[in-house]
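Asker: Pasting a structure below so you can have a look.
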Amino acid sequence: MTAAEGVQTRGLAARPLFIATIFLGSFLLFLIQPMLGRMALPTLGGAPAVWNVAMLFYQAMLLAGYVYAHAISRMAQRRQTIVHLAVFAIAALTLPISLADIGGRETLPPMLWLLALLAASIGPVFFVVAAQAPLMQSWYARVDDPAAADPYFLYAASNAGSLLALLAYPFAVEPYLRLKEQAWLWSGGFVILALLVAFCARRPAREPVPAAEAAPPATWRERAVWTALAAVPSGLLLSTTTHLTTDIVAVPLLWVVPLALYLVTFIVAFSMGGALFVKQAKMASPILLLLLGGYTFLAQGVFALLMALTNLVLLFVVALALHGHLAERRPPPSQLTDFYLWISLGGVIGGFFSAIVAPLVFDWVYEHPILLVCAAALIPAKPLTKRIGKLWQGRRGLVLDIALPIIALAASWWVHTELILADRAETAAPALALIALAAVLSIGRRLTFAACFGALMLGLGGWQAIAISRIELARERSFFGIYTVKADGERLIRLLEHGTTLHGVQSLIPDLQSEPQSYYAKGSGVAEAFEALPKIAGRFAKVGYVGLGAGSLSCFAKPGQGWTAFEIDPLVVRIAKDERLFTYISRCTPDLRIVMGDARLSLAKEPRHTYDLIAIDAFTSDAIPMHLMTEEAFKVYAGALKPDGVLMVHISNRHIDLQPVIAAIASDMGWTARVRDHTPYDPGLPGIDYSRSIWVALTPTEMRMQDLMYGGGAGPAGWAMLRERPDLQPWTDDFASIIPVLKQQ
């Protein structure tokens, strides 16, 4: 074997080492995010704002890691090794990962305090692991291996590690390991990663290219393009997830699917042989945007599941086209770290727009159609035929660039008035066809196509959505979701909807406006409990309920009782107390005490043994606030209840069976529990809207349970024993998983 052959053989041997190192680093990055979220949930509460701020922190730390990798990549190899391993050693001092004990919670704004907590808890380890992916690719570019001339295929290995971690945590880690065990497992992986990095440091055969000899730096215009091509898919990922889980269909773990598809597009785009799939995605994207994205504002109701699937298909194809174009524009290896730095910045910008800016600015998920239009303006498609391409040559092309968007916009208003408002499909069809024709002809003229595509979305529900936004009190948005108030003139009811879930109903008939509707109908479990309350706790019972909604529960109050509501979202309080919308509170409990904040944290601060009855009704759509359903949470409820108090828990859910979870907790606490699955008789009369509900009652003693069942009127026959699963452990702050209790659809 010649010396050159020996060097090349060592280069080939280095390839699996670098792949393994980059794969493990990305795996650890995506494993630590949900792990820390589970650790922080009982302390911080279940507010979506917590997750938004956490995601912003992760993206910001990723950017910081990429800046660091770019900064040291020009050093001599030996110095890079010393610096990077020293940073690893410093970060290792914070292991095993856990929540840091920091002060300032009462004085700092919540966002700043949360950022400080995340930085102190995982900042050092997240920073160094985030940096190793671009740095290892930079090192590999100097290995004597034929593939080192284009090391970007390692980015596919990076995203493959992220994808595996994303799927592994909810399905293979969380269901089997407690949080402490997860922390030690992650810490062991961190040590292995440091060793792999040390081995990788010995492989480069060449020193970094001096700046004077390197390829000319990328222009600021090119960097802006890299940033935009990364920002739009990043924002689209979050907007698709929000759109799916608030306005289309709320399914547990649904957020995993868009993120997995997003990572797959990176894997394909930067892998060897991915160019063919990228080419197909570029060709398909404009047509799919028109066929699937055009209905974005109408993606609700009976076709919800179909619309969810089409949104996922659209995300995958569009992200693949944009990420593929990004991969095609990658610079020489000497500028690799600079390239990843701007990609990371784009990810931060897209995430910041969807997670932070949009909820503050928009009252609906307008960021989703906006990002789809941005995608349409970035995808480098070609005209469908050469003949169409010739239409755009010379001055005629400039005229069409101006005329087609104007024609499409005017036609979209006609579609809105005829199809959406008047329900006359036959008169709207020509205008709709005109918009489609303008859009198809403009494929290849990115800005013109984007304008025509936007006009199509406006015609198919967009103008209507904007009109609803202009109606005072009709729809509002907070970090916790989108709330829509609808008045049904035919049924004479007013509804409060939170995404896909009904959060409150009130009759528009004056004589029925004090009668609770929906899940609180007469005969429901909670109605039975409140009927029995004066008999088992006397006239001056103390009541607490979690989840204000429209204030429906308030009208179970009786004179002499003291009522307290616990609500996390100030917007819900404003809606429930606005007499132009709902009058439950003003009619029934005008002196209602409302405690703002996460219910578990708030109840823990209440004087012990205060309440005779506590009702937990705090689900966000079909999502489970897991920190409210753990053994530790139930001990908080027990501390706030009187020794013979009653705890009512609403568990109606389309996707998760919570009976075995509560049964296991009740058994561990030594409490007795019953469930009432009630389907009320609905007479179909105006002003009445009843819904099936499932309520669980828990008390410390069987005698108190008998008092409740007989006092409400339903008797023991109306209450059943909870469904148990001997193999199911009680949920705790340290160990919980929804996988075992997902319903078979």
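Numbering starts fresh at 1 for the residues of each chain in the structure tokens, the chains themselves are lettered A, B, ... in the order given, and ligands are numbered from 1 as they appear.
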List the neighbours of Leu196 in chain A out to 8 Å using only C-alpha atoms; skip same-chain residues closer than 3 positions along the sequence, and give me the result as an MDAnalysis selection string.

Answerer: chainID A and resid 17 21 192:193 199:200

Asker: Pick out the residues sitting within 12 Å of range 369-373 of chain A, and hand them over as an mmCIF file with N, CA, C and O atoms, in the first residue's frame; count only C-alpha atoms, and ignore anything fewer than 6 positions along from it in its own chain.

Answerer:
```cif
data_model
loop_
_atom_site.group_PDB
_atom_site.id
_atom_site.type_symbol
_atom_site.label_atom_id
_atom_site.label_comp_id
_atom_site.auth_asym_id
_atom_site.auth_seq_id
_atom_site.Cartn_x
_atom_site.Cartn_y
_atom_site.Cartn_z
ATOM 1 N N ALA A 228 -33.539 33.857 4.158
ATOM 2 C CA ALA A 228 -34.952 33.779 3.778
ATOM 3 C C ALA A 228 -35.377 32.342 3.492
ATOM 4 O O ALA A 228 -36.463 31.899 3.896
ATOM 5 N N LEU A 229 -34.518 31.581 2.796
ATOM 6 C CA LEU A 229 -34.852 30.197 2.458
ATOM 7 C C LEU A 229 -34.943 29.312 3.706
ATOM 8 O O LEU A 229 -35.620 28.285 3.691
ATOM 9 N N ALA A 231 -35.781 30.806 6.834
ATOM 10 C CA ALA A 231 -36.785 31.422 7.708
ATOM 11 C C ALA A 231 -38.199 30.983 7.362
ATOM 12 O O ALA A 231 -39.005 30.687 8.256
ATOM 13 N N VAL A 232 -38.530 30.937 6.072
ATOM 14 C CA VAL A 232 -39.907 30.624 5.687
ATOM 15 C C VAL A 232 -40.306 29.202 6.086
ATOM 16 O O VAL A 232 -41.369 29.002 6.690
ATOM 17 N N PRO A 233 -39.500 28.160 5.807
ATOM 18 C CA PRO A 233 -39.894 26.818 6.288
ATOM 19 C C PRO A 233 -39.971 26.727 7.807
ATOM 20 O O PRO A 233 -40.832 26.029 8.343
ATOM 21 N N SER A 234 -39.057 27.434 8.514
ATOM 22 C CA SER A 234 -39.088 27.421 9.981
ATOM 23 C C SER A 234 -40.393 28.012 10.503
ATOM 24 O O SER A 234 -41.054 27.442 11.375
ATOM 25 N N GLY A 235 -40.769 29.167 9.961
ATOM 26 C CA GLY A 235 -42.036 29.772 10.368
ATOM 27 C C GLY A 235 -43.219 28.936 9.940
ATOM 28 O O GLY A 235 -44.199 28.799 10.676
ATOM 29 N N LEU A 236 -43.129 28.348 8.749
ATOM 30 C CA LEU A 236 -44.225 27.529 8.230
ATOM 31 C C LEU A 236 -44.435 26.279 9.073
ATOM 32 O O LEU A 236 -45.567 25.814 9.248
ATOM 33 N N LEU A 237 -43.347 25.737 9.605
ATOM 34 C CA LEU A 237 -43.464 24.586 10.508
ATOM 35 C C LEU A 237 -44.348 24.926 11.700
ATOM 36 O O LEU A 237 -45.296 24.197 12.030
ATOM 37 N N LEU A 238 -44.057 26.035 12.374
ATOM 38 C CA LEU A 238 -44.828 26.415 13.557
ATOM 39 C C LEU A 238 -46.241 26.840 13.189
ATOM 40 O O LEU A 238 -47.200 26.524 13.892
ATOM 41 N N SER A 239 -46.389 27.566 12.074
ATOM 42 C CA SER A 239 -47.732 28.018 11.689
ATOM 43 C C SER A 239 -48.609 26.838 11.280
ATOM 44 O O SER A 239 -49.805 26.824 11.561
ATOM 45 N N THR A 240 -48.017 25.843 10.620
ATOM 46 C CA THR A 240 -48.778 24.642 10.260
ATOM 47 C C THR A 240 -49.229 23.913 11.510
ATOM 48 O O THR A 240 -50.376 23.470 11.615
ATOM 49 N N HIS A 243 -51.966 25.942 13.115
ATOM 50 C CA HIS A 243 -53.171 25.865 12.280
ATOM 51 C C HIS A 243 -53.861 24.516 12.457
ATOM 52 O O HIS A 243 -55.089 24.440 12.586
ATOM 53 N N SER A 285 -44.576 22.074 -6.257
ATOM 54 C CA SER A 285 -44.965 23.065 -5.244
ATOM 55 C C SER A 285 -45.993 24.085 -5.726
ATOM 56 O O SER A 285 -47.001 24.322 -5.038
ATOM 57 N N PRO A 286 -45.800 24.754 -6.891
ATOM 58 C CA PRO A 286 -46.790 25.755 -7.299
ATOM 59 C C PRO A 286 -48.191 25.173 -7.481
ATOM 60 O O PRO A 286 -49.185 25.785 -7.067
ATOM 61 N N LEU A 288 -49.406 22.414 -6.068
ATOM 62 C CA LEU A 288 -49.950 22.026 -4.764
ATOM 63 C C LEU A 288 -50.350 23.244 -3.936
ATOM 64 O O LEU A 288 -51.321 23.190 -3.173
ATOM 65 N N LEU A 289 -49.615 24.332 -4.068
ATOM 66 C CA LEU A 289 -50.014 25.554 -3.369
ATOM 67 C C LEU A 289 -51.402 25.990 -3.819
ATOM 68 O O LEU A 289 -52.249 26.378 -2.996
ATOM 69 N N LEU A 290 -51.655 25.905 -5.113
ATOM 70 C CA LEU A 290 -52.964 26.313 -5.629
ATOM 71 C C LEU A 290 -54.054 25.316 -5.223
ATOM 72 O O LEU A 290 -55.137 25.716 -4.777
ATOM 73 N N LEU A 292 -54.023 22.844 -2.809
ATOM 74 C CA LEU A 292 -54.178 22.552 -1.380
ATOM 75 C C LEU A 292 -54.122 23.809 -0.518
ATOM 76 O O LEU A 292 -54.904 23.967 0.413
ATOM 77 N N GLY A 293 -53.191 24.708 -0.820
ATOM 78 C CA GLY A 293 -53.064 25.922 -0.015
ATOM 79 C C GLY A 293 -54.153 26.930 -0.267
ATOM 80 O O GLY A 293 -54.434 27.773 0.592
ATOM 81 N N GLY A 294 -54.789 26.872 -1.445
ATOM 82 C CA GLY A 294 -55.850 27.825 -1.747
ATOM 83 C C GLY A 294 -57.015 27.772 -0.790
ATOM 84 O O GLY A 294 -57.749 28.746 -0.618
ATOM 85 N N TYR A 295 -57.190 26.623 -0.121
ATOM 86 C CA TYR A 295 -58.327 26.438 0.796
ATOM 87 C C TYR A 295 -57.941 26.700 2.258
ATOM 88 O O TYR A 295 -58.679 26.313 3.166
ATOM 89 N N THR A 296 -56.807 27.346 2.489
ATOM 90 C CA THR A 296 -56.297 27.524 3.847
ATOM 91 C C THR A 296 -57.324 28.144 4.792
ATOM 92 O O THR A 296 -57.476 27.711 5.938
ATOM 93 N N PHE A 297 -58.054 29.155 4.333
ATOM 94 C CA PHE A 297 -59.014 29.836 5.207
ATOM 95 C C PHE A 297 -60.286 29.017 5.425
ATOM 96 O O PHE A 297 -61.074 29.320 6.313
ATOM 97 N N LEU A 298 -60.488 27.974 4.621
ATOM 98 C CA LEU A 298 -61.697 27.153 4.742
ATOM 99 C C LEU A 298 -61.411 25.812 5.396
ATOM 100 O O LEU A 298 -62.301 24.966 5.468
ATOM 101 N N ALA A 299 -60.188 25.607 5.871
ATOM 102 C CA ALA A 299 -59.779 24.291 6.374
ATOM 103 C C ALA A 299 -60.339 24.029 7.764
ATOM 104 O O ALA A 299 -59.624 23.954 8.747
ATOM 105 N N ASN A 311 -52.500 19.824 4.598
ATOM 106 C CA ASN A 311 -51.556 20.790 5.158
ATOM 107 C C ASN A 311 -50.188 20.159 5.394
ATOM 108 O O ASN A 311 -49.155 20.790 5.172
ATOM 109 N N LEU A 314 -48.495 19.686 2.034
ATOM 110 C CA LEU A 314 -48.032 20.978 1.543
ATOM 111 C C LEU A 314 -46.767 21.419 2.267
ATOM 112 O O LEU A 314 -45.808 21.905 1.639
ATOM 113 N N LEU A 315 -46.734 21.260 3.589
ATOM 114 C CA LEU A 315 -45.538 21.617 4.353
ATOM 115 C C LEU A 315 -44.331 20.831 3.849
ATOM 116 O O LEU A 315 -43.245 21.398 3.639
ATOM 117 N N VAL A 317 -43.728 19.260 0.902
ATOM 118 C CA VAL A 317 -43.282 19.555 -0.465
ATOM 119 C C VAL A 317 -42.665 20.952 -0.545
ATOM 120 O O VAL A 317 -41.603 21.146 -1.153
ATOM 121 N N VAL A 318 -43.313 21.934 0.066
ATOM 122 C CA VAL A 318 -42.797 23.305 0.015
ATOM 123 C C VAL A 318 -41.464 23.413 0.759
ATOM 124 O O VAL A 318 -40.506 24.033 0.263
ATOM 125 N N ALA A 319 -41.379 22.815 1.946
ATOM 126 C CA ALA A 319 -40.124 22.867 2.707
ATOM 127 C C ALA A 319 -39.007 22.147 1.958
ATOM 128 O O ALA A 319 -37.854 22.598 1.968
ATOM 129 N N LEU A 322 -37.788 24.490 -0.813
ATOM 130 C CA LEU A 322 -36.993 25.610 -0.296
ATOM 131 C C LEU A 322 -35.662 25.133 0.282
ATOM 132 O O LEU A 322 -34.613 25.737 0.036
ATOM 133 N N GLY A 350 -37.824 33.005 11.523
ATOM 134 C CA GLY A 350 -39.095 32.348 11.232
ATOM 135 C C GLY A 350 -39.824 31.912 12.487
ATOM 136 O O GLY A 350 -41.037 32.110 12.619
ATOM 137 N N GLY A 351 -39.073 31.336 13.431
ATOM 138 C CA GLY A 351 -39.693 30.914 14.680
ATOM 139 C C GLY A 351 -40.200 32.076 15.502
ATOM 140 O O GLY A 351 -41.276 32.015 16.102
ATOM 141 N N PHE A 353 -41.226 34.965 14.414
ATOM 142 C CA PHE A 353 -42.430 35.511 13.776
ATOM 143 C C PHE A 353 -43.664 34.681 14.128
ATOM 144 O O PHE A 353 -44.710 35.231 14.527
ATOM 145 N N SER A 354 -43.570 33.349 14.007
ATOM 146 C CA SER A 354 -44.745 32.501 14.233
ATOM 147 C C SER A 354 -45.076 32.329 15.711
ATOM 148 O O SER A 354 -46.253 32.268 16.078
ATOM 149 N N ALA A 358 -46.722 36.735 15.843
ATOM 150 C CA ALA A 358 -48.066 36.473 15.313
ATOM 151 C C ALA A 358 -49.147 36.471 16.396
ATOM 152 O O ALA A 358 -50.202 37.095 16.207
ATOM 153 N N PHE A 362 -51.947 39.158 15.381
ATOM 154 C CA PHE A 362 -53.099 38.618 14.662
ATOM 155 C C PHE A 362 -54.106 37.980 15.615
ATOM 156 O O PHE A 362 -53.735 37.434 16.662
ATOM 157 N N ILE A 379 -39.923 29.991 -4.171
ATOM 158 C CA ILE A 379 -39.669 28.735 -4.891
ATOM 159 C C ILE A 379 -39.311 29.037 -6.347
ATOM 160 O O ILE A 379 -40.089 29.665 -7.069
ATOM 161 N N ARG A 446 -42.099 34.592 -9.911
ATOM 162 C CA ARG A 446 -42.380 34.283 -8.516
ATOM 163 C C ARG A 446 -43.276 35.305 -7.810
ATOM 164 O O ARG A 446 -44.229 34.932 -7.131
ATOM 165 N N LEU A 447 -42.997 36.574 -7.950
ATOM 166 C CA LEU A 447 -43.802 37.584 -7.261
ATOM 167 C C LEU A 447 -45.218 37.649 -7.832
ATOM 168 O O LEU A 447 -46.202 37.787 -7.080
ATOM 169 N N THR A 448 -45.342 37.536 -9.139
ATOM 170 C CA THR A 448 -46.664 37.562 -9.760
ATOM 171 C C THR A 448 -47.474 36.339 -9.351
ATOM 172 O O THR A 448 -48.666 36.442 -9.026
ATOM 173 N N PHE A 449 -46.816 35.184 -9.347
ATOM 174 C CA PHE A 449 -47.500 33.963 -8.916
ATOM 175 C C PHE A 449 -47.944 34.074 -7.456
ATOM 176 O O PHE A 449 -49.068 33.692 -7.101
ATOM 177 N N ALA A 450 -47.072 34.598 -6.600
ATOM 178 C CA ALA A 450 -47.414 34.750 -5.185
ATOM 179 C C ALA A 450 -48.630 35.657 -5.015
ATOM 180 O O ALA A 450 -49.514 35.388 -4.189
ATOM 181 N N ALA A 451 -48.699 36.740 -5.808
ATOM 182 C CA ALA A 451 -49.839 37.657 -5.713
ATOM 183 C C ALA A 451 -51.128 36.972 -6.158
ATOM 184 O O ALA A 451 -52.176 37.119 -5.512
ATOM 185 N N CYS A 452 -51.082 36.212 -7.241
ATOM 186 C CA CYS A 452 -52.284 35.503 -7.723
ATOM 187 C C CYS A 452 -52.705 34.416 -6.744
ATOM 188 O O CYS A 452 -53.901 34.194 -6.505
ATOM 189 N N PHE A 453 -51.729 33.721 -6.178
ATOM 190 C CA PHE A 453 -52.025 32.701 -5.174
ATOM 191 C C PHE A 453 -52.679 33.326 -3.944
ATOM 192 O O PHE A 453 -53.662 32.801 -3.385
ATOM 193 N N GLY A 454 -52.164 34.476 -3.501
ATOM 194 C CA GLY A 454 -52.783 35.185 -2.380
ATOM 195 C C GLY A 454 -54.207 35.595 -2.686
ATOM 196 O O GLY A 454 -55.093 35.510 -1.824
ATOM 197 N N ALA A 455 -54.460 36.026 -3.926
ATOM 198 C CA ALA A 455 -55.827 36.392 -4.322
ATOM 199 C C ALA A 455 -56.759 35.192 -4.258
ATOM 200 O O ALA A 455 -57.928 35.315 -3.868
ATOM 201 N N LEU A 456 -56.249 34.020 -4.631
ATOM 202 C CA LEU A 456 -57.065 32.801 -4.559
ATOM 203 C C LEU A 456 -57.474 32.509 -3.114
ATOM 204 O O LEU A 456 -58.647 32.203 -2.834
ATOM 205 N N MET A 457 -56.535 32.616 -2.183
ATOM 206 C CA MET A 457 -56.855 32.374 -0.775
ATOM 207 C C MET A 457 -57.842 33.415 -0.242
ATOM 208 O O MET A 457 -58.726 33.089 0.556
ATOM 209 N N LEU A 458 -57.694 34.647 -0.670
ATOM 210 C CA LEU A 458 -58.627 35.683 -0.227
ATOM 211 C C LEU A 458 -60.044 35.374 -0.701
ATOM 212 O O LEU A 458 -61.017 35.535 0.052
ATOM 213 N N LEU A 460 -61.315 32.451 -1.392
ATOM 214 C CA LEU A 460 -61.831 31.247 -0.737
ATOM 215 C C LEU A 460 -61.728 31.374 0.779
ATOM 216 O O LEU A 460 -61.037 30.604 1.444
ATOM 217 N N GLY A 461 -62.396 32.360 1.320
ATOM 218 C CA GLY A 461 -62.499 32.493 2.771
ATOM 219 C C GLY A 461 -61.658 33.583 3.386
ATOM 220 O O GLY A 461 -61.883 33.963 4.542
ATOM 221 N N GLY A 462 -60.668 34.089 2.653
ATOM 222 C CA GLY A 462 -59.792 35.104 3.235
ATOM 223 C C GLY A 462 -60.492 36.412 3.538
ATOM 224 O O GLY A 462 -60.321 36.991 4.613
ATOM 225 N N ALA A 465 -62.583 35.930 6.596
ATOM 226 C CA ALA A 465 -61.801 35.918 7.833
ATOM 227 C C ALA A 465 -61.428 37.333 8.251
ATOM 228 O O ALA A 465 -61.500 37.688 9.435
#
```

Asker: For Leu115 in chain A, which of A:Leu135, A:Ala60, A:Ala527, A:Leu432 is the closest residue, counting only C-alpha atoms?

Answerer: A:Ala60

Asker: Rank A:Ser552, A:Ser524, A:Gln506, A:Gln137 by their smallest atom-to-atom distance to Val197 in chain A, using only C-alpha atoms, and report the top residue only.

Answerer: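 Checking each candidate against Val197 in chain A, we get A:Gln137 as the closest.
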
Asker: Near range 669-685 of chain A, within 8 Å and counting only C-alpha atoms, which residues show up once chain neighbours fewer than 4 positions away are dropped, as a ChimeraX atom specification?

Answerer: /A:491,521-525,663,665,689-702,705,718-722

Asker: Given the selection you just returned, output its residues as a file containing N, CA, C and O atoms, formatted as a tab-separated table (two decimals), in the first residue's frame.

Answerer:
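File written: out_4.tsv
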```tsv
chain	number	residue	atom	x	y	z
A	491	ARG	N	-80.68	28.57	16.33
A	491	ARG	CA	-80.78	27.79	17.57
A	491	ARG	C	-80.89	28.68	18.80
A	491	ARG	O	-81.10	28.18	19.91
A	521	ALA	N	-74.98	20.32	31.64
A	521	ALA	CA	-76.43	20.17	31.61
A	521	ALA	C	-76.93	19.45	32.86
A	521	ALA	O	-76.19	18.73	33.53
A	522	LYS	N	-78.20	19.67	33.15
A	522	LYS	CA	-78.81	19.00	34.29
A	522	LYS	C	-78.66	17.49	34.15
A	522	LYS	O	-78.94	16.93	33.11
A	523	GLY	N	-78.20	16.86	35.21
A	523	GLY	CA	-77.97	15.42	35.18
A	523	GLY	C	-76.52	15.05	34.93
A	523	GLY	O	-76.14	13.89	35.11
A	524	SER	N	-75.70	16.01	34.51
A	524	SER	CA	-74.27	15.73	34.33
A	524	SER	C	-73.62	15.49	35.68
A	524	SER	O	-74.18	15.83	36.74
A	525	GLY	N	-72.43	14.95	35.68
A	525	GLY	CA	-71.75	14.65	36.93
A	525	GLY	C	-71.55	15.87	37.79
A	525	GLY	O	-71.79	15.85	39.01
A	663	ALA	N	-57.90	6.54	38.22
A	663	ALA	CA	-58.10	5.37	39.09
A	663	ALA	C	-56.80	4.99	39.78
A	663	ALA	O	-56.80	4.65	40.98
A	665	ILE	N	-54.24	7.00	40.46
A	665	ILE	CA	-53.91	8.03	41.44
A	665	ILE	C	-54.79	7.89	42.68
A	665	ILE	O	-54.31	7.98	43.82
A	689	ASP	N	-78.73	23.68	24.28
A	689	ASP	CA	-77.65	22.94	23.62
A	689	ASP	C	-76.93	22.09	24.67
A	689	ASP	O	-76.11	22.60	25.43
A	690	TYR	N	-77.27	20.81	24.75
A	690	TYR	CA	-76.67	19.91	25.72
A	690	TYR	C	-75.63	19.03	25.04
A	690	TYR	O	-75.75	18.70	23.86
A	691	SER	N	-74.61	18.63	25.80
A	691	SER	CA	-73.54	17.78	25.27
A	691	SER	C	-73.28	16.63	26.23
A	691	SER	O	-73.47	16.75	27.44
A	692	ARG	N	-72.82	15.54	25.66
A	692	ARG	CA	-72.36	14.42	26.49
A	692	ARG	C	-71.15	14.86	27.30
A	692	ARG	O	-70.31	15.63	26.83
A	693	SER	N	-71.07	14.39	28.55
A	693	SER	CA	-69.93	14.75	29.40
A	693	SER	C	-69.54	13.56	30.27
A	693	SER	O	-70.38	12.71	30.60
A	694	ILE	N	-68.26	13.52	30.63
A	694	ILE	CA	-67.73	12.49	31.53
A	694	ILE	C	-67.04	13.21	32.69
A	694	ILE	O	-66.05	13.91	32.49
A	695	TRP	N	-67.61	13.05	33.88
A	695	TRP	CA	-67.06	13.66	35.08
A	695	TRP	C	-66.69	12.57	36.08
A	695	TRP	O	-67.43	11.61	36.26
A	696	VAL	N	-65.55	12.77	36.75
A	696	VAL	CA	-65.11	11.85	37.81
A	696	VAL	C	-65.24	12.57	39.14
A	696	VAL	O	-64.83	13.73	39.28
A	697	ALA	N	-65.82	11.89	40.12
A	697	ALA	CA	-65.91	12.41	41.49
A	697	ALA	C	-64.94	11.64	42.37
A	697	ALA	O	-64.88	10.40	42.30
A	698	LEU	N	-64.18	12.35	43.19
A	698	LEU	CA	-63.24	11.73	44.13
A	698	LEU	C	-63.46	12.30	45.52
A	698	LEU	O	-63.63	13.52	45.68
A	699	THR	N	-63.47	11.43	46.52
A	699	THR	CA	-63.61	11.86	47.91
A	699	THR	C	-62.71	10.99	48.78
A	699	THR	O	-62.36	9.87	48.40
A	700	PRO	N	-62.35	11.48	49.97
A	700	PRO	CA	-61.47	10.67	50.83
A	700	PRO	C	-62.15	9.42	51.38
A	700	PRO	O	-61.46	8.46	51.73
A	701	THR	N	-63.49	9.44	51.50
A	701	THR	CA	-64.18	8.31	52.14
A	701	THR	C	-65.34	7.82	51.28
A	701	THR	O	-65.95	8.58	50.53
A	702	GLU	N	-65.66	6.56	51.43
A	702	GLU	CA	-66.80	5.97	50.73
A	702	GLU	C	-68.11	6.56	51.23
A	702	GLU	O	-69.07	6.72	50.46
A	705	MET	N	-68.81	9.67	49.43
A	705	MET	CA	-69.22	9.35	48.06
A	705	MET	C	-70.69	8.95	48.03
A	705	MET	O	-71.43	9.34	47.10
A	718	GLY	N	-76.37	5.71	38.86
A	718	GLY	CA	-75.94	6.72	37.90
A	718	GLY	C	-74.43	6.93	37.87
A	718	GLY	O	-73.94	7.69	37.04
A	719	TRP	N	-73.72	6.26	38.78
A	719	TRP	CA	-72.27	6.41	38.86
A	719	TRP	C	-71.62	5.03	38.74
A	719	TRP	O	-72.12	4.07	39.31
A	720	ALA	N	-70.52	4.95	38.04
A	720	ALA	CA	-69.85	3.67	37.83
A	720	ALA	C	-68.45	3.71	38.42
A	720	ALA	O	-67.87	4.78	38.65
A	721	MET	N	-67.91	2.52	38.68
A	721	MET	CA	-66.52	2.43	39.10
A	721	MET	C	-65.62	2.80	37.92
A	721	MET	O	-65.95	2.54	36.77
A	722	LEU	N	-64.49	3.40	38.21
A	722	LEU	CA	-63.58	3.79	37.14
A	722	LEU	C	-62.95	2.56	36.48
A	722	LEU	O	-62.70	1.55	37.15
```

Asker: Would you kindly return, as a list in words, each protein, DNA or RNA residue with an atom no farther than 7 Å from any atom of Ala100 in chain A, considering only C-alpha atoms and excluding same-chain residues fewer than 3 positions away?

Answerer: Leu117, Ala120 and Ser121 of chain A

Asker: Next, dump the selected residues to file, keeping only N, CA and C atoms, as a PDB file, in the first residue's frame.

Answerer:
```
ATOM      1  N   LEU A 117     -33.855  30.892  33.665  1.00  0.00           N
ATOM      2  CA  LEU A 117     -33.925  29.515  34.160  1.00  0.00           C
ATOM      3  C   LEU A 117     -33.373  28.537  33.127  1.00  0.00           C
ATOM      4  N   ALA A 120     -29.562  28.896  32.809  1.00  0.00           N
ATOM      5  CA  ALA A 120     -28.835  28.320  33.941  1.00  0.00           C
ATOM      6  C   ALA A 120     -28.941  26.801  33.981  1.00  0.00           C
ATOM      7  N   SER A 121     -30.046  26.253  33.484  1.00  0.00           N
ATOM      8  CA  SER A 121     -30.276  24.812  33.575  1.00  0.00           C
ATOM      9  C   SER A 121     -29.545  24.033  32.491  1.00  0.00           C
TER      10      SER A 121
END
```

Asker: Give me the residues of range 530-588 of chain A that have any atom at most 7 Å from an atom of range 708-711 of chain A; for each, the nearest atom pair and the distance in Å, rounded to one decimal. Use only C-alpha atoms, sort by chain and number, and format it as CSV.

Answerer:
```
residue,atom,partner,partner_atom,distance
A:Glu531,CA,A:Gly711,CA,6.9
A:Ala532,CA,A:Gly711,CA,4.3
A:Lys535,CA,A:Gly711,CA,6.6
```
